[in-house]
Every structure is written in structure tokens, then in C-alpha cells.
>>> print(open('my_file-v5.tsv').read())   # TSV, C-alpha atoms
chain	number	residue	atom	x	y	z
A	1	MET	CA	104.48	60.39	95.17
A	2	HIS	CA	107.69	62.18	96.11
A	3	VAL	CA	107.82	65.90	95.27
A	4	PRO	CA	111.34	67.25	94.69
A	5	LEU	CA	112.40	69.98	97.10
A	6	TYR	CA	112.75	72.54	94.31
A	7	GLN	CA	109.13	71.86	93.28
A	8	ALA	CA	107.92	72.24	96.87
A	9	LYS	CA	109.79	75.57	97.09
A	10	ALA	CA	108.29	76.74	93.81
A	11	ASP	CA	104.80	75.82	95.05
A	12	PHE	CA	105.46	77.71	98.29
A	13	PHE	CA	106.59	80.87	96.50
A	14	ARG	CA	103.68	80.57	94.06
A	15	MET	CA	101.33	80.46	97.07
A	16	LEU	CA	102.96	83.68	98.34
A	17	GLY	CA	102.67	85.25	94.90
A	18	HIS	CA	99.57	87.37	95.52
A	19	PRO	CA	99.71	90.97	96.77
A	20	VAL	CA	96.83	90.50	99.21
A	21	ARG	CA	98.48	87.47	100.79
A	22	ILE	CA	101.75	89.34	101.19
A	23	ARG	CA	99.91	92.30	102.74
A	24	VAL	CA	98.09	90.01	105.17
A	25	LEU	CA	101.38	88.41	106.22
A	26	GLU	CA	102.92	91.85	106.74
A	27	LEU	CA	100.01	92.88	108.94
A	28	LEU	CA	100.29	89.68	110.98
A	29	GLN	CA	104.01	90.13	111.73
A	30	HIS	CA	103.31	91.90	115.02
A	31	GLY	CA	100.72	89.48	116.35
A	32	PRO	CA	97.16	88.27	115.81
A	33	VAL	CA	94.81	90.56	113.90
A	34	PRO	CA	91.00	90.31	113.76
A	35	VAL	CA	89.51	89.91	110.29
A	36	ARG	CA	87.63	93.22	110.66
A	37	ASP	CA	90.99	95.01	111.14
A	38	LEU	CA	92.47	93.23	108.12
A	39	LEU	CA	89.49	94.41	106.07
A	40	ALA	CA	90.01	97.98	107.31
A	41	ASP	CA	93.71	97.90	106.35
A	42	ILE	CA	93.29	96.18	102.99
A	43	ASP	CA	90.90	97.68	100.46
A	44	ILE	CA	89.30	94.42	99.34
A	45	GLU	CA	85.90	92.77	99.38
A	46	PRO	CA	85.28	90.49	102.37
A	47	SER	CA	84.77	87.46	100.13
A	48	SER	CA	88.13	88.06	98.39
A	49	LEU	CA	89.92	88.42	101.73
A	50	SER	CA	88.28	85.24	102.92
A	51	GLN	CA	89.57	83.37	99.86
A	52	GLN	CA	93.12	84.65	100.39
A	53	LEU	CA	93.03	83.81	104.10
A	54	ALA	CA	91.86	80.30	103.23
A	55	VAL	CA	94.86	79.82	100.91
A	56	LEU	CA	97.22	80.97	103.67
A	57	ARG	CA	95.48	78.78	106.26
A	58	ARG	CA	95.58	75.67	104.02
A	59	SER	CA	99.29	76.24	103.44
A	60	GLY	CA	99.84	76.20	107.19
A	61	ILE	CA	101.60	79.55	107.50
A	62	VAL	CA	98.70	81.25	109.30
A	63	VAL	CA	96.34	80.01	111.98
A	64	SER	CA	92.93	81.31	112.98
A	65	THR	CA	91.29	81.58	116.37
A	66	ARG	CA	87.73	82.48	117.29
A	67	GLU	CA	86.62	84.39	120.37
A	68	GLY	CA	82.87	84.82	120.27
A	69	SER	CA	82.06	86.32	116.89
A	70	THR	CA	85.61	87.62	116.31
A	71	VAL	CA	87.96	85.60	114.13
A	72	SER	CA	91.64	86.54	114.32
A	73	TYR	CA	94.58	85.38	112.27
A	74	ALA	CA	98.22	85.00	113.27
A	75	LEU	CA	101.41	83.71	111.72
A	76	ALA	CA	101.99	80.05	112.49
A	77	GLY	CA	105.68	80.74	113.15
A	78	GLY	CA	108.30	83.46	113.10
A	79	ASP	CA	110.02	82.16	109.98
A	80	VAL	CA	107.47	83.85	107.72
A	81	ALA	CA	108.20	87.23	109.32
A	82	GLU	CA	111.92	86.57	108.77
A	83	LEU	CA	111.23	85.68	105.12
A	84	LEU	CA	109.40	89.00	104.65
A	85	ARG	CA	112.31	90.88	106.26
A	86	ALA	CA	114.74	89.06	103.96
A	87	ALA	CA	112.60	90.01	100.95
A	88	ARG	CA	112.70	93.67	102.04
A	89	ARG	CA	116.50	93.51	102.36
A	90	ILE	CA	116.86	91.92	98.93
A	91	LEU	CA	114.53	94.46	97.31
A	92	THR	CA	116.35	97.32	99.03
A	93	GLU	CA	119.68	96.09	97.64
A	94	LEU	CA	118.24	95.59	94.15
A	95	LEU	CA	116.64	99.02	94.09
A	96	ALA	CA	119.76	100.67	95.50
A	97	GLY	CA	121.76	99.05	92.71
A	98	GLN	CA	119.27	100.29	90.13
A	99	ASN	CA	119.38	103.81	91.58
A	100	GLN	CA	123.18	103.73	91.48
A	101	LEU	CA	123.11	102.61	87.84
A	102	LEU	CA	120.53	105.29	86.99
A	103	SER	CA	122.72	107.93	88.64
A	104	GLN	CA	125.74	106.73	86.66
A	105	LEU	CA	123.75	106.84	83.43
A	106	ARG	CA	122.59	110.38	84.16
A	107	GLN	CA	126.15	111.47	84.95
A	108	ALA	CA	127.39	109.88	81.73
A	109	ASP	CA	124.73	111.75	79.75
A	110	THR	CA	125.88	115.09	81.13
A	111	ALA	CA	129.61	114.29	80.79
A	112	VAL	CA	129.55	113.25	77.11
A	113	PRO	CA	129.33	116.17	74.69
A	114	ALA	CA	126.60	115.91	72.12
A	115	ALA	CA	127.71	114.49	68.78
A	116	PRO	CA	127.73	117.00	65.94
A	117	ALA	CA	124.64	116.94	63.77
A	118	THR	CA	125.24	114.84	60.68
A	119	GLU	CA	121.79	115.06	59.21
A	120	GLY	CA	121.95	115.15	55.47
A	121	LEU	CA	125.66	114.26	55.39
A	122	LEU	CA	125.19	110.50	55.01
A	123	THR	CA	123.56	108.45	52.28
A	124	ASP	CA	121.01	105.77	53.07
A	125	ARG	CA	123.86	103.27	53.31
A	126	GLY	CA	125.79	105.28	55.86
A	127	SER	CA	128.55	106.50	53.55
A	128	PRO	CA	129.32	110.22	53.21
A	129	ARG	CA	127.48	112.12	50.51
A	130	PRO	CA	129.77	113.48	47.83
A	131	THR	CA	130.47	117.17	48.21
A	132	LEU	CA	129.63	119.42	45.32
>>> encode(input="my_file-v5.tsv", output="C-alpha cells")
Amino acid sequence: MHVPLYQAKADFFRMLGHPVRIRVLELLQHGPVPVRDLLADIDIEPSSLSQQLAVLRRSGIVVSTREGSTVSYALAGGDVAELLRAARRILTELLAGQNQLLSQLRQADTAVPAAPATEGLLTDRGSPRPTL
């Protein structure tokens, strides 16, 4: 059965959609890391880390090697590291835009004089109360 490209991309991003998996990929950007070091850097139970590593391994974006009793993981290719860098750039731009908007909103709040109090001057329908 043929899977459309957009569906394959959605599945890929869904696979990445777990904070532990993203953290593992970030830690692997600079080379292979033993599982014990991953556990030390990520506050997670060993069984949970093992499950997340299995998802990444099945997807093919990480590979594992064993030397004696030490199992290490590494990125299968440099494209994943580039994807993480692109995500950081995108988030930086989005957050910078939000900070700029927040700054503009704060400036607008200080630049606009407060409206005069009209409490008690309007009826329930918004029309002025008759003066006596």
C-alpha cells in the first residue's frame, strides 16, 4: 500500500513528538553517547528511556552499538542534527516575534491615557442615564 508523502512526514513528526526523544536526539548531536550517560542527563526511569530509544531505533534515526556491557547510541545521519538546528531557528524567530508584539502591547498600554470612569453613567443597555 502506497503511503502519501504528507502522511509519511506526519508520521515522522509524530514519532519526534515526545520530549524525551527530542532530548535524546539533542544529546546525540555531538557523537555517540552511552546509555548510562543518557540516563544521567535525562531524569527518567531506565525502562522509559529504553522504550523511547527503541522508538528512535525502529524509526532508523538512531543506531546502537555494544562494546562489552556498554551500549551507546548515535544519530544515524547528520540530517537529524540539522533538523534540530532548524527547529531552534524557527522557535527563536517565533519567540522573538512574540516578544516584539508583547513589547508593542506594553508600550501601547502606557501611551494610551486611561478612559474616564463611566460607572453609573450608563443604563444596562448602554445608553446614558438621564440627568436629574
>>> residues_around(input="my_file-v5.tsv", residues="A:Gly60", least_positions_apart="6", cutoff="10 Å", atoms="only C-alpha atoms", output="list in words")
Ala54, Leu75, Ala76 and Gly77 of chain A
>>> closest_atom_pairs(input="my_file-v5.tsv", of="stretch 12-64 of chain A", to="stretch 79-102 of chain A", cutoff="8 Å", atoms="all atoms listed in the file", output="JSON lines")
{"residue": "A:Leu25", "atom": "CA", "partner": "A:Ala81", "partner_atom": "CA", "distance": 7.6}
{"residue": "A:Glu26", "atom": "CA", "partner": "A:Leu84", "partner_atom": "CA", "distance": 7.4}
{"residue": "A:Gln29", "atom": "CA", "partner": "A:Ala81", "partner_atom": "CA", "distance": 5.6}
{"residue": "A:Ile61", "atom": "CA", "partner": "A:Val80", "partner_atom": "CA", "distance": 7.3}
>>> atom_distance(input="my_file-v5.tsv", atom1="atom CA of A:Ile42", atom2="atom CA of A:Glu67")
22.0 Å
>>> residues_around(input="my_file-v5.tsv", residues="stretch 8-13 of chain A", least_positions_apart="2", cutoff="12 Å", atoms="all atoms listed in the file", output="PyMOL selection string")
chain A and resi 2-6+15-18+21-22+55-56+58-61+80+83-84+87
>>> atom_distance(input="my_file-v5.tsv", atom1="atom CA of A:Val63", atom2="atom CA of A:Gln7")
24.1 Å
>>> atom_distance(input="my_file-v5.tsv", atom1="atom CA of A:Val35", atom2="atom CA of A:Ser72")
5.7 Å
>>> residues_around(input="my_file-v5.tsv", residues="A:Asp41", least_positions_apart="2", cutoff="12 Å", atoms="only C-alpha atoms", output="PyMOL selection string")
chain A and resi 20+23-24+26-28+33-39+43-46+49
>>> axis_aligned_box(input="my_file-v5.tsv", around="stretch 28-37 of chain A", padding_each_side="4 Å", output="JSON")
{"center_x": 95.8, "center_y": 91.6, "center_z": 113.3, "size_x": 24.4, "size_y": 14.7, "size_z": 14.1}
>>> closest_residue(input="my_file-v5.tsv", among="A:Ser64, A:Gly78, A:Ala111, A:Gln104", to="A:Pro32", atoms="all atoms listed in the file")
A:Ser64
